[in-house]
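**Q** Here it is: the structure, laid out below.
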Amino acid sequence: MYSYEVAKGHGLPHNPFKAVVAPRPIGWISSRAANGSLNLAPYSFFNAVCDTPPIVVFSSSGYKDSVANIDETGDFVFNLATEDLKDAMNTSSAPFEKGVSEFEEAGLTPQDSLLVGAPRVAEAKAALECKHLQTIRLTAHDGTPTNNWMVLGEVVAVHLDEAMLVDGLFDVTKARPLSRLGYMDYAVVDSVFQMRRPKA
């Protein structure tokens, strides 16, 4: 077993942390600034944290435009990044200047949402409209503030591509969502299996 203390360094060619905590859903977050400009960015630290009510979370390394926009306007949209949109998703990750629309740069269509001011990606096979709950600046175990910002949002509306529904279930093998791994690696969900919880 290869072991190391984080504070002393890993001694490997690249940090394995993200490769171990994988696969991770990609938080493809769309937002609108108070001045009306649009932003779209993927975040590799994203997940759902509960379902009643449905709440999602993403974390940004640095106080980036997505976080600033959400703090200003109070809402955002999670868009499902799928294999067919991988190049557009990757384009939207570029460090464009503030005010530049990643929708336009990536050739994507902003679609008005039902309940929030931020648009969704019209081409996405699923989207979750979210109302902002909290932005938390993360601290290290010794209390030192970090430059990492965690954003929580409550899902208030859901959009599903009807072509992805099979017998009333959202079929991920048809949608083929992307997941983020370590390094520059990604994976596609294209197969599933079922397990029933055991009875005590």
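By order in the structure tokens, chains are A, B, ...; within a chain, residues start at 1; ligands start at 1, following the order shown.
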Write out as JSON, numbers by chain the residues lying within 8 Å of A:Ala33, counting only C-alpha atoms and excluding same-chain residues fewer than 3 positions away.

**A** {"A": [36, 37, 38, 39, 68, 69, 70, 72, 73]}

**Q** Please identify every residue of stretch 81-169 of chain A that has at least one atom no farther than 12 Å from an atom of stretch 179-188 of chain A, counting only C-alpha atoms, and for each give the shortest atom pair and the distance in Å to one decimal, arranged by chain then increasing number, as a tab-separated table.

**A**
```
residue	atom	partner	partner_atom	distance
A:Ala81	CA	A:Ser179	CA	8.4
A:Thr82	CA	A:Val188	CA	7.8
A:Glu83	CA	A:Val188	CA	6.7
A:Asp84	CA	A:Val188	CA	10.4
A:Leu85	CA	A:Val188	CA	11.6
A:Lys86	CA	A:Tyr186	CA	9.6
A:Met89	CA	A:Ser179	CA	11.8
A:Asn90	CA	A:Tyr186	CA	11.0
```

**Q** Next, write the just-selected residues to a file, as a PDB file, in the first residue's frame, keeping all heavy atoms as the atom set.

**A**
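selection.pdb written:
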```
ATOM      1  N   ALA A  81     -24.209  17.425 -18.475  1.00  0.00           N
ATOM      2  CA  ALA A  81     -23.178  17.318 -19.508  1.00  0.00           C
ATOM      3  C   ALA A  81     -23.142  15.876 -20.007  1.00  0.00           C
ATOM      4  O   ALA A  81     -22.916  14.948 -19.229  1.00  0.00           O
ATOM      5  CB  ALA A  81     -21.821  17.719 -18.944  1.00  0.00           C
ATOM      6  N   THR A  82     -23.373  15.683 -21.278  1.00  0.00           N
ATOM      7  CA  THR A  82     -23.425  14.351 -21.863  1.00  0.00           C
ATOM      8  C   THR A  82     -22.373  14.223 -22.967  1.00  0.00           C
ATOM      9  O   THR A  82     -21.780  15.211 -23.399  1.00  0.00           O
ATOM     10  CB  THR A  82     -24.825  14.066 -22.432  1.00  0.00           C
ATOM     11  OG1 THR A  82     -25.246  15.180 -23.235  1.00  0.00           O
ATOM     12  CG2 THR A  82     -25.834  13.856 -21.306  1.00  0.00           C
ATOM     13  N   GLU A  83     -22.176  12.982 -23.414  1.00  0.00           N
ATOM     14  CA  GLU A  83     -21.093  12.713 -24.364  1.00  0.00           C
ATOM     15  C   GLU A  83     -21.192  13.572 -25.619  1.00  0.00           C
ATOM     16  O   GLU A  83     -20.177  14.080 -26.119  1.00  0.00           O
ATOM     17  CB  GLU A  83     -21.097  11.236 -24.740  1.00  0.00           C
ATOM     18  CG  GLU A  83     -19.932  10.835 -25.621  1.00  0.00           C
ATOM     19  CD  GLU A  83     -19.944   9.346 -25.935  1.00  0.00           C
ATOM     20  OE1 GLU A  83     -21.041   8.777 -26.117  1.00  0.00           O
ATOM     21  OE2 GLU A  83     -18.855   8.761 -26.002  1.00  0.00           O
ATOM     22  N   ASP A  84     -22.393  13.772 -26.125  1.00  0.00           N
ATOM     23  CA  ASP A  84     -22.558  14.552 -27.346  1.00  0.00           C
ATOM     24  C   ASP A  84     -22.234  16.030 -27.145  1.00  0.00           C
ATOM     25  O   ASP A  84     -22.004  16.748 -28.125  1.00  0.00           O
ATOM     26  CB  ASP A  84     -23.977  14.385 -27.898  1.00  0.00           C
ATOM     27  CG  ASP A  84     -25.044  14.828 -26.907  1.00  0.00           C
ATOM     28  OD1 ASP A  84     -24.935  14.479 -25.719  1.00  0.00           O
ATOM     29  OD2 ASP A  84     -26.002  15.515 -27.320  1.00  0.00           O
ATOM     30  N   LEU A  85     -22.208  16.478 -25.894  1.00  0.00           N
ATOM     31  CA  LEU A  85     -21.918  17.883 -25.598  1.00  0.00           C
ATOM     32  C   LEU A  85     -20.535  18.072 -24.970  1.00  0.00           C
ATOM     33  O   LEU A  85     -20.243  19.137 -24.442  1.00  0.00           O
ATOM     34  CB  LEU A  85     -22.993  18.445 -24.661  1.00  0.00           C
ATOM     35  CG  LEU A  85     -24.417  18.488 -25.222  1.00  0.00           C
ATOM     36  CD1 LEU A  85     -25.397  18.945 -24.144  1.00  0.00           C
ATOM     37  CD2 LEU A  85     -24.495  19.386 -26.444  1.00  0.00           C
ATOM     38  N   LYS A  86     -19.702  17.042 -25.035  1.00  0.00           N
ATOM     39  CA  LYS A  86     -18.408  17.105 -24.332  1.00  0.00           C
ATOM     40  C   LYS A  86     -17.527  18.246 -24.839  1.00  0.00           C
ATOM     41  O   LYS A  86     -16.852  18.919 -24.037  1.00  0.00           O
ATOM     42  CB  LYS A  86     -17.665  15.775 -24.426  1.00  0.00           C
ATOM     43  CG  LYS A  86     -17.259  15.320 -25.804  1.00  0.00           C
ATOM     44  CD  LYS A  86     -16.540  13.967 -25.753  1.00  0.00           C
ATOM     45  CE  LYS A  86     -16.261  13.404 -27.117  1.00  0.00           C
ATOM     46  NZ  LYS A  86     -15.510  14.302 -28.006  1.00  0.00           N
ATOM     47  N   MET A  89     -18.973  21.503 -23.563  1.00  0.00           N
ATOM     48  CA  MET A  89     -18.692  21.611 -22.127  1.00  0.00           C
ATOM     49  C   MET A  89     -17.240  22.014 -21.900  1.00  0.00           C
ATOM     50  O   MET A  89     -16.938  22.910 -21.089  1.00  0.00           O
ATOM     51  CB  MET A  89     -18.988  20.272 -21.438  1.00  0.00           C
ATOM     52  CG  MET A  89     -18.755  20.236 -19.937  1.00  0.00           C
ATOM     53  SD  MET A  89     -17.033  19.969 -19.447  1.00  0.00           S
ATOM     54  CE  MET A  89     -16.735  18.335 -20.127  1.00  0.00           C
ATOM     55  N   ASN A  90     -16.325  21.400 -22.648  1.00  0.00           N
ATOM     56  CA  ASN A  90     -14.905  21.704 -22.491  1.00  0.00           C
ATOM     57  C   ASN A  90     -14.609  23.141 -22.911  1.00  0.00           C
ATOM     58  O   ASN A  90     -13.849  23.850 -22.237  1.00  0.00           O
ATOM     59  CB  ASN A  90     -14.070  20.714 -23.305  1.00  0.00           C
ATOM     60  CG  ASN A  90     -12.614  20.726 -22.907  1.00  0.00           C
ATOM     61  OD1 ASN A  90     -12.275  20.804 -21.729  1.00  0.00           O
ATOM     62  ND2 ASN A  90     -11.735  20.648 -23.890  1.00  0.00           N
TER      63      ASN A  90
END
```

**Q** Neighbours of A:Lys125 within 10 Å (only C-alpha atoms; same-chain residues fewer than 4 positions away dropped), as a PyMOL selection string?

**A** chain A and resi 79-82+85+121+159-164+170+172+174-177

**Q** Kindly save the residues from that selection, with N, CA, C and O atoms included, as a PDB file, in the first residue's frame.

**A**
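This went into result04.pdb:
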```pdb
ATOM      1  N   ASN A  79     -26.988  21.910 -15.660  1.00  0.00           N
ATOM      2  CA  ASN A  79     -27.262  21.302 -16.958  1.00  0.00           C
ATOM      3  C   ASN A  79     -26.478  20.006 -17.070  1.00  0.00           C
ATOM      4  O   ASN A  79     -25.288  19.960 -16.731  1.00  0.00           O
ATOM      5  N   LEU A  80     -27.126  18.949 -17.525  1.00  0.00           N
ATOM      6  CA  LEU A  80     -26.465  17.653 -17.614  1.00  0.00           C
ATOM      7  C   LEU A  80     -25.480  17.641 -18.778  1.00  0.00           C
ATOM      8  O   LEU A  80     -25.870  17.824 -19.938  1.00  0.00           O
ATOM      9  N   ALA A  81     -24.209  17.425 -18.475  1.00  0.00           N
ATOM     10  CA  ALA A  81     -23.178  17.318 -19.508  1.00  0.00           C
ATOM     11  C   ALA A  81     -23.142  15.876 -20.007  1.00  0.00           C
ATOM     12  O   ALA A  81     -22.916  14.948 -19.229  1.00  0.00           O
ATOM     13  N   THR A  82     -23.373  15.683 -21.278  1.00  0.00           N
ATOM     14  CA  THR A  82     -23.425  14.351 -21.863  1.00  0.00           C
ATOM     15  C   THR A  82     -22.373  14.223 -22.967  1.00  0.00           C
ATOM     16  O   THR A  82     -21.780  15.211 -23.399  1.00  0.00           O
ATOM     17  N   LEU A  85     -22.208  16.478 -25.894  1.00  0.00           N
ATOM     18  CA  LEU A  85     -21.918  17.883 -25.598  1.00  0.00           C
ATOM     19  C   LEU A  85     -20.535  18.072 -24.970  1.00  0.00           C
ATOM     20  O   LEU A  85     -20.243  19.137 -24.442  1.00  0.00           O
ATOM     21  N   VAL A 121     -29.289  25.285 -20.667  1.00  0.00           N
ATOM     22  CA  VAL A 121     -28.741  24.914 -21.975  1.00  0.00           C
ATOM     23  C   VAL A 121     -29.822  24.142 -22.722  1.00  0.00           C
ATOM     24  O   VAL A 121     -30.210  23.042 -22.309  1.00  0.00           O
ATOM     25  N   HIS A 159     -36.156  19.711 -15.911  1.00  0.00           N
ATOM     26  CA  HIS A 159     -36.410  19.544 -17.340  1.00  0.00           C
ATOM     27  C   HIS A 159     -35.782  18.228 -17.796  1.00  0.00           C
ATOM     28  O   HIS A 159     -34.605  17.967 -17.502  1.00  0.00           O
ATOM     29  N   LEU A 160     -36.536  17.409 -18.507  1.00  0.00           N
ATOM     30  CA  LEU A 160     -36.052  16.124 -19.003  1.00  0.00           C
ATOM     31  C   LEU A 160     -36.360  16.005 -20.489  1.00  0.00           C
ATOM     32  O   LEU A 160     -37.483  16.284 -20.919  1.00  0.00           O
ATOM     33  N   ASP A 161     -35.379  15.585 -21.265  1.00  0.00           N
ATOM     34  CA  ASP A 161     -35.607  15.269 -22.665  1.00  0.00           C
ATOM     35  C   ASP A 161     -36.475  14.016 -22.712  1.00  0.00           C
ATOM     36  O   ASP A 161     -36.078  12.950 -22.225  1.00  0.00           O
ATOM     37  N   GLU A 162     -37.661  14.127 -23.278  1.00  0.00           N
ATOM     38  CA  GLU A 162     -38.591  12.996 -23.276  1.00  0.00           C
ATOM     39  C   GLU A 162     -38.025  11.775 -23.997  1.00  0.00           C
ATOM     40  O   GLU A 162     -38.412  10.639 -23.704  1.00  0.00           O
ATOM     41  N   ALA A 163     -37.086  11.991 -24.915  1.00  0.00           N
ATOM     42  CA  ALA A 163     -36.479  10.864 -25.625  1.00  0.00           C
ATOM     43  C   ALA A 163     -35.615  10.017 -24.698  1.00  0.00           C
ATOM     44  O   ALA A 163     -35.260   8.882 -25.029  1.00  0.00           O
ATOM     45  N   MET A 164     -35.262  10.567 -23.531  1.00  0.00           N
ATOM     46  CA  MET A 164     -34.436   9.840 -22.571  1.00  0.00           C
ATOM     47  C   MET A 164     -35.281   9.051 -21.572  1.00  0.00           C
ATOM     48  O   MET A 164     -34.737   8.353 -20.713  1.00  0.00           O
ATOM     49  N   PHE A 170     -35.736   7.921 -16.311  1.00  0.00           N
ATOM     50  CA  PHE A 170     -34.682   8.611 -17.055  1.00  0.00           C
ATOM     51  C   PHE A 170     -33.545   7.620 -17.299  1.00  0.00           C
ATOM     52  O   PHE A 170     -32.912   7.143 -16.364  1.00  0.00           O
ATOM     53  N   VAL A 172     -30.060   6.674 -18.194  1.00  0.00           N
ATOM     54  CA  VAL A 172     -28.726   7.275 -18.316  1.00  0.00           C
ATOM     55  C   VAL A 172     -27.916   6.626 -19.429  1.00  0.00           C
ATOM     56  O   VAL A 172     -26.993   7.242 -19.970  1.00  0.00           O
ATOM     57  N   LYS A 174     -29.025   5.999 -22.322  1.00  0.00           N
ATOM     58  CA  LYS A 174     -29.367   6.740 -23.534  1.00  0.00           C
ATOM     59  C   LYS A 174     -28.783   8.151 -23.479  1.00  0.00           C
ATOM     60  O   LYS A 174     -28.296   8.674 -24.484  1.00  0.00           O
ATOM     61  N   ALA A 175     -28.828   8.762 -22.307  1.00  0.00           N
ATOM     62  CA  ALA A 175     -28.312  10.129 -22.151  1.00  0.00           C
ATOM     63  C   ALA A 175     -26.787  10.173 -22.207  1.00  0.00           C
ATOM     64  O   ALA A 175     -26.209  11.128 -22.693  1.00  0.00           O
ATOM     65  N   ARG A 176     -26.138   9.127 -21.675  1.00  0.00           N
ATOM     66  CA  ARG A 176     -24.678   9.018 -21.651  1.00  0.00           C
ATOM     67  C   ARG A 176     -24.012  10.231 -20.975  1.00  0.00           C
ATOM     68  O   ARG A 176     -23.231  10.954 -21.590  1.00  0.00           O
ATOM     69  N   PRO A 177     -24.354  10.466 -19.690  1.00  0.00           N
ATOM     70  CA  PRO A 177     -23.736  11.588 -18.979  1.00  0.00           C
ATOM     71  C   PRO A 177     -22.232  11.398 -18.807  1.00  0.00           C
ATOM     72  O   PRO A 177     -21.737  10.267 -18.678  1.00  0.00           O
TER      73      PRO A 177
END
```

**Q** Write out as a compact mmCIF listing (two decimals) with N, CA, C and O atoms, in the first residue's frame all residues of stretch 71-195 of chain A that backbone DSSP assigns to strand (DSSP E).

**A**
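So the final result, stored in selection.txt, reads:
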```
# COMPACT_ATOMS: atom_id res chain seq x y z
N ASP A 75 -30.00 32.64 -8.09
CA ASP A 75 -30.40 31.39 -8.74
C ASP A 75 -29.37 30.93 -9.75
O ASP A 75 -28.45 31.65 -10.12
N PHE A 76 -29.53 29.67 -10.19
CA PHE A 76 -28.66 29.08 -11.20
C PHE A 76 -29.34 27.84 -11.76
O PHE A 76 -30.38 27.41 -11.26
N VAL A 77 -28.74 27.24 -12.79
CA VAL A 77 -29.25 26.02 -13.38
C VAL A 77 -28.12 25.02 -13.52
O VAL A 77 -27.01 25.37 -13.95
N PHE A 78 -28.39 23.77 -13.12
CA PHE A 78 -27.48 22.66 -13.41
C PHE A 78 -27.93 22.04 -14.72
O PHE A 78 -29.09 21.68 -14.89
N ASN A 79 -26.99 21.91 -15.66
CA ASN A 79 -27.26 21.30 -16.96
C ASN A 79 -26.48 20.01 -17.07
O ASN A 79 -25.29 19.96 -16.73
N PRO A 110 -29.10 29.45 -25.11
CA PRO A 110 -29.72 29.72 -23.81
C PRO A 110 -31.24 29.66 -23.91
O PRO A 110 -31.83 30.28 -24.78
N GLN A 111 -31.84 28.87 -23.04
CA GLN A 111 -33.29 28.69 -23.03
C GLN A 111 -33.84 29.25 -21.72
O GLN A 111 -33.33 28.93 -20.65
N ARG A 120 -31.22 27.90 -19.05
CA ARG A 120 -30.65 26.56 -19.13
C ARG A 120 -30.07 26.35 -20.51
O ARG A 120 -30.30 27.15 -21.43
N VAL A 121 -29.29 25.29 -20.67
CA VAL A 121 -28.74 24.91 -21.97
C VAL A 121 -29.82 24.14 -22.72
O VAL A 121 -30.21 23.04 -22.31
N ALA A 126 -31.07 17.10 -19.71
CA ALA A 126 -31.74 17.32 -18.42
C ALA A 126 -31.18 18.59 -17.82
O ALA A 126 -30.03 18.98 -18.07
N ALA A 127 -32.01 19.26 -17.02
CA ALA A 127 -31.57 20.48 -16.35
C ALA A 127 -32.37 20.65 -15.07
O ALA A 127 -33.54 20.25 -14.99
N LEU A 128 -31.71 21.23 -14.07
CA LEU A 128 -32.33 21.48 -12.77
C LEU A 128 -32.25 22.97 -12.47
O LEU A 128 -31.16 23.53 -12.35
N GLU A 129 -33.41 23.61 -12.35
CA GLU A 129 -33.44 25.01 -11.96
C GLU A 129 -33.28 25.10 -10.44
O GLU A 129 -33.96 24.38 -9.70
N CYS A 130 -32.41 25.99 -9.98
CA CYS A 130 -32.06 26.03 -8.56
C CYS A 130 -32.17 27.43 -7.97
O CYS A 130 -31.76 28.41 -8.60
N LYS A 131 -32.70 27.50 -6.76
CA LYS A 131 -32.70 28.74 -5.98
C LYS A 131 -31.54 28.67 -4.98
O LYS A 131 -31.35 27.66 -4.29
N HIS A 132 -30.78 29.74 -4.90
CA HIS A 132 -29.61 29.79 -4.05
C HIS A 132 -29.98 29.70 -2.57
O HIS A 132 -30.88 30.40 -2.10
N LEU A 133 -29.30 28.84 -1.85
CA LEU A 133 -29.51 28.70 -0.41
C LEU A 133 -28.38 29.34 0.38
O LEU A 133 -28.62 30.16 1.26
N GLN A 134 -27.14 28.93 0.08
CA GLN A 134 -25.98 29.42 0.83
C GLN A 134 -24.74 29.40 -0.03
O GLN A 134 -24.59 28.54 -0.90
N THR A 135 -23.85 30.34 0.23
CA THR A 135 -22.47 30.27 -0.27
C THR A 135 -21.57 30.25 0.96
O THR A 135 -21.67 31.14 1.82
N ILE A 136 -20.74 29.24 1.05
CA ILE A 136 -19.88 29.05 2.23
C ILE A 136 -18.43 29.06 1.79
O ILE A 136 -18.03 28.26 0.92
N ARG A 137 -17.64 29.94 2.39
CA ARG A 137 -16.19 29.90 2.14
C ARG A 137 -15.61 28.79 3.02
O ARG A 137 -15.78 28.80 4.25
N LEU A 138 -14.94 27.83 2.40
CA LEU A 138 -14.43 26.69 3.13
C LEU A 138 -13.15 27.05 3.89
O LEU A 138 -12.36 27.89 3.45
N THR A 139 -12.98 26.41 5.04
CA THR A 139 -11.78 26.62 5.85
C THR A 139 -11.06 25.29 6.05
O THR A 139 -11.68 24.22 6.03
N PRO A 145 -8.90 30.25 6.32
CA PRO A 145 -9.79 30.36 5.16
C PRO A 145 -9.09 29.90 3.89
O PRO A 145 -7.90 30.17 3.69
N THR A 146 -9.81 29.17 3.04
CA THR A 146 -9.27 28.75 1.75
C THR A 146 -9.91 29.59 0.65
O THR A 146 -10.86 30.33 0.89
N ASN A 147 -9.39 29.46 -0.54
CA ASN A 147 -9.98 30.15 -1.69
C ASN A 147 -10.92 29.19 -2.43
O ASN A 147 -10.89 29.06 -3.64
N ASN A 148 -11.76 28.50 -1.64
CA ASN A 148 -12.74 27.56 -2.17
C ASN A 148 -14.11 27.95 -1.64
O ASN A 148 -14.27 28.21 -0.45
N TRP A 149 -15.10 27.95 -2.55
CA TRP A 149 -16.43 28.46 -2.21
C TRP A 149 -17.48 27.42 -2.56
O TRP A 149 -17.59 26.98 -3.71
N MET A 150 -18.26 26.99 -1.58
CA MET A 150 -19.28 25.97 -1.75
C MET A 150 -20.65 26.63 -1.88
O MET A 150 -21.03 27.45 -1.04
N VAL A 151 -21.37 26.28 -2.93
CA VAL A 151 -22.67 26.88 -3.21
C VAL A 151 -23.75 25.80 -3.14
O VAL A 151 -23.64 24.76 -3.79
N LEU A 152 -24.78 26.06 -2.35
CA LEU A 152 -25.91 25.15 -2.23
C LEU A 152 -27.14 25.76 -2.87
O LEU A 152 -27.42 26.96 -2.71
N GLY A 153 -27.89 24.93 -3.60
CA GLY A 153 -29.10 25.41 -4.23
C GLY A 153 -30.22 24.38 -4.15
O GLY A 153 -29.98 23.18 -4.24
N GLU A 154 -31.44 24.88 -3.95
CA GLU A 154 -32.61 24.00 -3.91
C GLU A 154 -33.23 23.90 -5.30
O GLU A 154 -33.49 24.92 -5.95
N VAL A 155 -33.47 22.69 -5.75
CA VAL A 155 -34.06 22.46 -7.07
C VAL A 155 -35.55 22.79 -7.02
O VAL A 155 -36.29 22.24 -6.20
N VAL A 156 -35.98 23.70 -7.90
CA VAL A 156 -37.38 24.12 -7.91
C VAL A 156 -38.10 23.73 -9.21
O VAL A 156 -39.33 23.81 -9.28
N ALA A 157 -37.36 23.32 -10.23
CA ALA A 157 -37.97 22.87 -11.48
C ALA A 157 -36.99 21.94 -12.18
O ALA A 157 -35.77 22.11 -12.08
N VAL A 158 -37.53 20.95 -12.88
CA VAL A 158 -36.73 19.93 -13.56
C VAL A 158 -37.15 19.85 -15.02
O VAL A 158 -38.34 19.91 -15.34
N HIS A 159 -36.16 19.71 -15.91
CA HIS A 159 -36.41 19.54 -17.34
C HIS A 159 -35.78 18.23 -17.80
O HIS A 159 -34.61 17.97 -17.50
N LEU A 160 -36.54 17.41 -18.51
CA LEU A 160 -36.05 16.12 -19.00
C LEU A 160 -36.36 16.01 -20.49
O LEU A 160 -37.48 16.28 -20.92
N LEU A 165 -36.60 9.17 -21.66
CA LEU A 165 -37.48 8.47 -20.73
C LEU A 165 -37.89 7.12 -21.32
O LEU A 165 -38.39 7.04 -22.44
N VAL A 166 -37.65 6.07 -20.55
CA VAL A 166 -38.04 4.71 -20.95
C VAL A 166 -38.91 4.14 -19.83
O VAL A 166 -38.45 3.98 -18.70
N LEU A 169 -38.79 6.15 -16.72
CA LEU A 169 -37.51 6.29 -16.02
C LEU A 169 -36.51 7.02 -16.90
O LEU A 169 -36.45 6.76 -18.12
N PHE A 170 -35.74 7.92 -16.31
CA PHE A 170 -34.68 8.61 -17.06
C PHE A 170 -33.54 7.62 -17.30
O PHE A 170 -32.91 7.14 -16.36
N LEU A 178 -21.52 12.52 -18.81
CA LEU A 178 -20.08 12.52 -18.56
C LEU A 178 -19.82 12.52 -17.07
O LEU A 178 -20.58 13.08 -16.29
N SER A 179 -18.73 11.91 -16.68
CA SER A 179 -18.26 12.02 -15.30
C SER A 179 -16.80 12.45 -15.33
O SER A 179 -16.07 12.16 -16.28
N ARG A 180 -16.40 13.14 -14.28
CA ARG A 180 -15.02 13.65 -14.17
C ARG A 180 -14.21 12.69 -13.33
O ARG A 180 -14.65 12.23 -12.27
N TYR A 186 -11.94 11.64 -18.32
CA TYR A 186 -13.39 11.64 -18.21
C TYR A 186 -13.89 10.22 -18.49
O TYR A 186 -13.18 9.39 -19.04
N ALA A 187 -15.14 9.97 -18.13
CA ALA A 187 -15.78 8.70 -18.46
C ALA A 187 -17.22 8.97 -18.85
O ALA A 187 -17.78 10.03 -18.55
N VAL A 188 -17.82 8.00 -19.53
CA VAL A 188 -19.22 8.08 -19.95
C VAL A 188 -19.99 6.97 -19.26
O VAL A 188 -19.53 5.83 -19.21
```

**Q** Kindly give the distance, in Å, that separates atom CA of A:Glu123 and atom CA of A:Gly107, rounded to a single decimal.

**A**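 It comes out at 10.1 Å.
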
**Q** Give me, as a VMD selection string, all polymer residues having an atom no more than 9 Å from A:Glu105, counting only C-alpha atoms and skipping those fewer than 2 positions away in the same chain.

**A** chain A and resid 88 91 to 92 100 to 103 107 to 108

**Q** Please determine, counting only C-alpha atoms, which residue among A:Ser31, A:Ser113, A:Thr52, A:Asn47 has the shortest atom-to-atom distance to A:Lys64.

**A**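 With only C-alpha atoms as the atom set, the closest residue is A:Ser31.
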
**Q** Taking the chain letters and numbering used in this document, name the residues of stretch 2-195 of chain A that DSSP puts in helix (DSSP H, G or I), as a PyMOL selection string.

**A** chain A and resi 6-8+17-20+65-73+83-91+102-106+162-164+172-175

**Q** Limited to C-alpha atoms, could you put the picked residues into a file as a PDB file, in the first residue's frame?

**A**
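In the end it all went to again.pdb:
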```
ATOM      1  CA  VAL A   6      -0.849  15.222   2.447  1.00  0.00           C
ATOM      2  CA  ALA A   7       1.163  17.975   4.136  1.00  0.00           C
ATOM      3  CA  LYS A   8       4.413  16.221   3.136  1.00  0.00           C
ATOM      4  CA  PHE A  17      -6.704  12.801  -4.987  1.00  0.00           C
ATOM      5  CA  LYS A  18      -9.180  13.464  -7.801  1.00  0.00           C
ATOM      6  CA  ALA A  19      -8.465  10.070  -9.348  1.00  0.00           C
ATOM      7  CA  VAL A  20      -9.421   8.364  -6.082  1.00  0.00           C
ATOM      8  CA  ASP A  65     -18.129  34.438 -12.086  1.00  0.00           C
ATOM      9  CA  SER A  66     -20.610  31.626 -11.387  1.00  0.00           C
ATOM     10  CA  VAL A  67     -20.401  32.171  -7.636  1.00  0.00           C
ATOM     11  CA  ALA A  68     -20.523  35.953  -7.966  1.00  0.00           C
ATOM     12  CA  ASN A  69     -23.548  35.797 -10.286  1.00  0.00           C
ATOM     13  CA  ILE A  70     -25.415  33.409  -7.992  1.00  0.00           C
ATOM     14  CA  ASP A  71     -24.692  35.570  -4.962  1.00  0.00           C
ATOM     15  CA  GLU A  72     -25.982  38.604  -6.882  1.00  0.00           C
ATOM     16  CA  THR A  73     -29.129  37.131  -8.403  1.00  0.00           C
ATOM     17  CA  GLU A  83     -21.093  12.713 -24.364  1.00  0.00           C
ATOM     18  CA  ASP A  84     -22.558  14.552 -27.346  1.00  0.00           C
ATOM     19  CA  LEU A  85     -21.918  17.883 -25.598  1.00  0.00           C
ATOM     20  CA  LYS A  86     -18.408  17.105 -24.332  1.00  0.00           C
ATOM     21  CA  ASP A  87     -16.661  19.555 -26.673  1.00  0.00           C
ATOM     22  CA  ALA A  88     -19.087  22.350 -25.832  1.00  0.00           C
ATOM     23  CA  MET A  89     -18.692  21.611 -22.127  1.00  0.00           C
ATOM     24  CA  ASN A  90     -14.905  21.704 -22.491  1.00  0.00           C
ATOM     25  CA  THR A  91     -15.040  24.978 -24.432  1.00  0.00           C
ATOM     26  CA  GLU A 102     -19.760  30.830 -22.825  1.00  0.00           C
ATOM     27  CA  PHE A 103     -23.088  29.919 -24.436  1.00  0.00           C
ATOM     28  CA  GLU A 104     -22.035  31.854 -27.526  1.00  0.00           C
ATOM     29  CA  GLU A 105     -18.424  30.671 -27.463  1.00  0.00           C
ATOM     30  CA  ALA A 106     -19.527  27.009 -27.218  1.00  0.00           C
ATOM     31  CA  GLU A 162     -38.591  12.996 -23.276  1.00  0.00           C
ATOM     32  CA  ALA A 163     -36.479  10.864 -25.625  1.00  0.00           C
ATOM     33  CA  MET A 164     -34.436   9.840 -22.571  1.00  0.00           C
ATOM     34  CA  VAL A 172     -28.726   7.275 -18.316  1.00  0.00           C
ATOM     35  CA  THR A 173     -27.505   4.740 -20.881  1.00  0.00           C
ATOM     36  CA  LYS A 174     -29.367   6.740 -23.534  1.00  0.00           C
ATOM     37  CA  ALA A 175     -28.312  10.129 -22.151  1.00  0.00           C
TER      38      ALA A 175
END
```

**Q** Select, from A:Gly117, A:Gly168, A:Gly143, A:Gly27, the residue with the minimum atom-to-atom distance to A:Pro42, counting only C-alpha atoms.

**A**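 Using only C-alpha atoms, the shortest distance to A:Pro42 belongs to A:Gly27.
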
**Q** I need the residue nearest A:Val21 from this list: A:Asp167, A:Phe45, A:Leu40, A:Glu5. Use only C-alpha atoms for the distance.

**A**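 That would be A:Phe45, the residue with the smallest distance to A:Val21.
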
**Q** Please, what distance in Å, to one decimal, runs between atom CA of A:Ala118 and atom CA of A:Ser30?

**A** 6.5 Å

**Q** Rounded to one decimal, what separation in Å do you get between atom CA of A:Phe46 and atom CA of A:Arg24?

**A** 7.1 Å
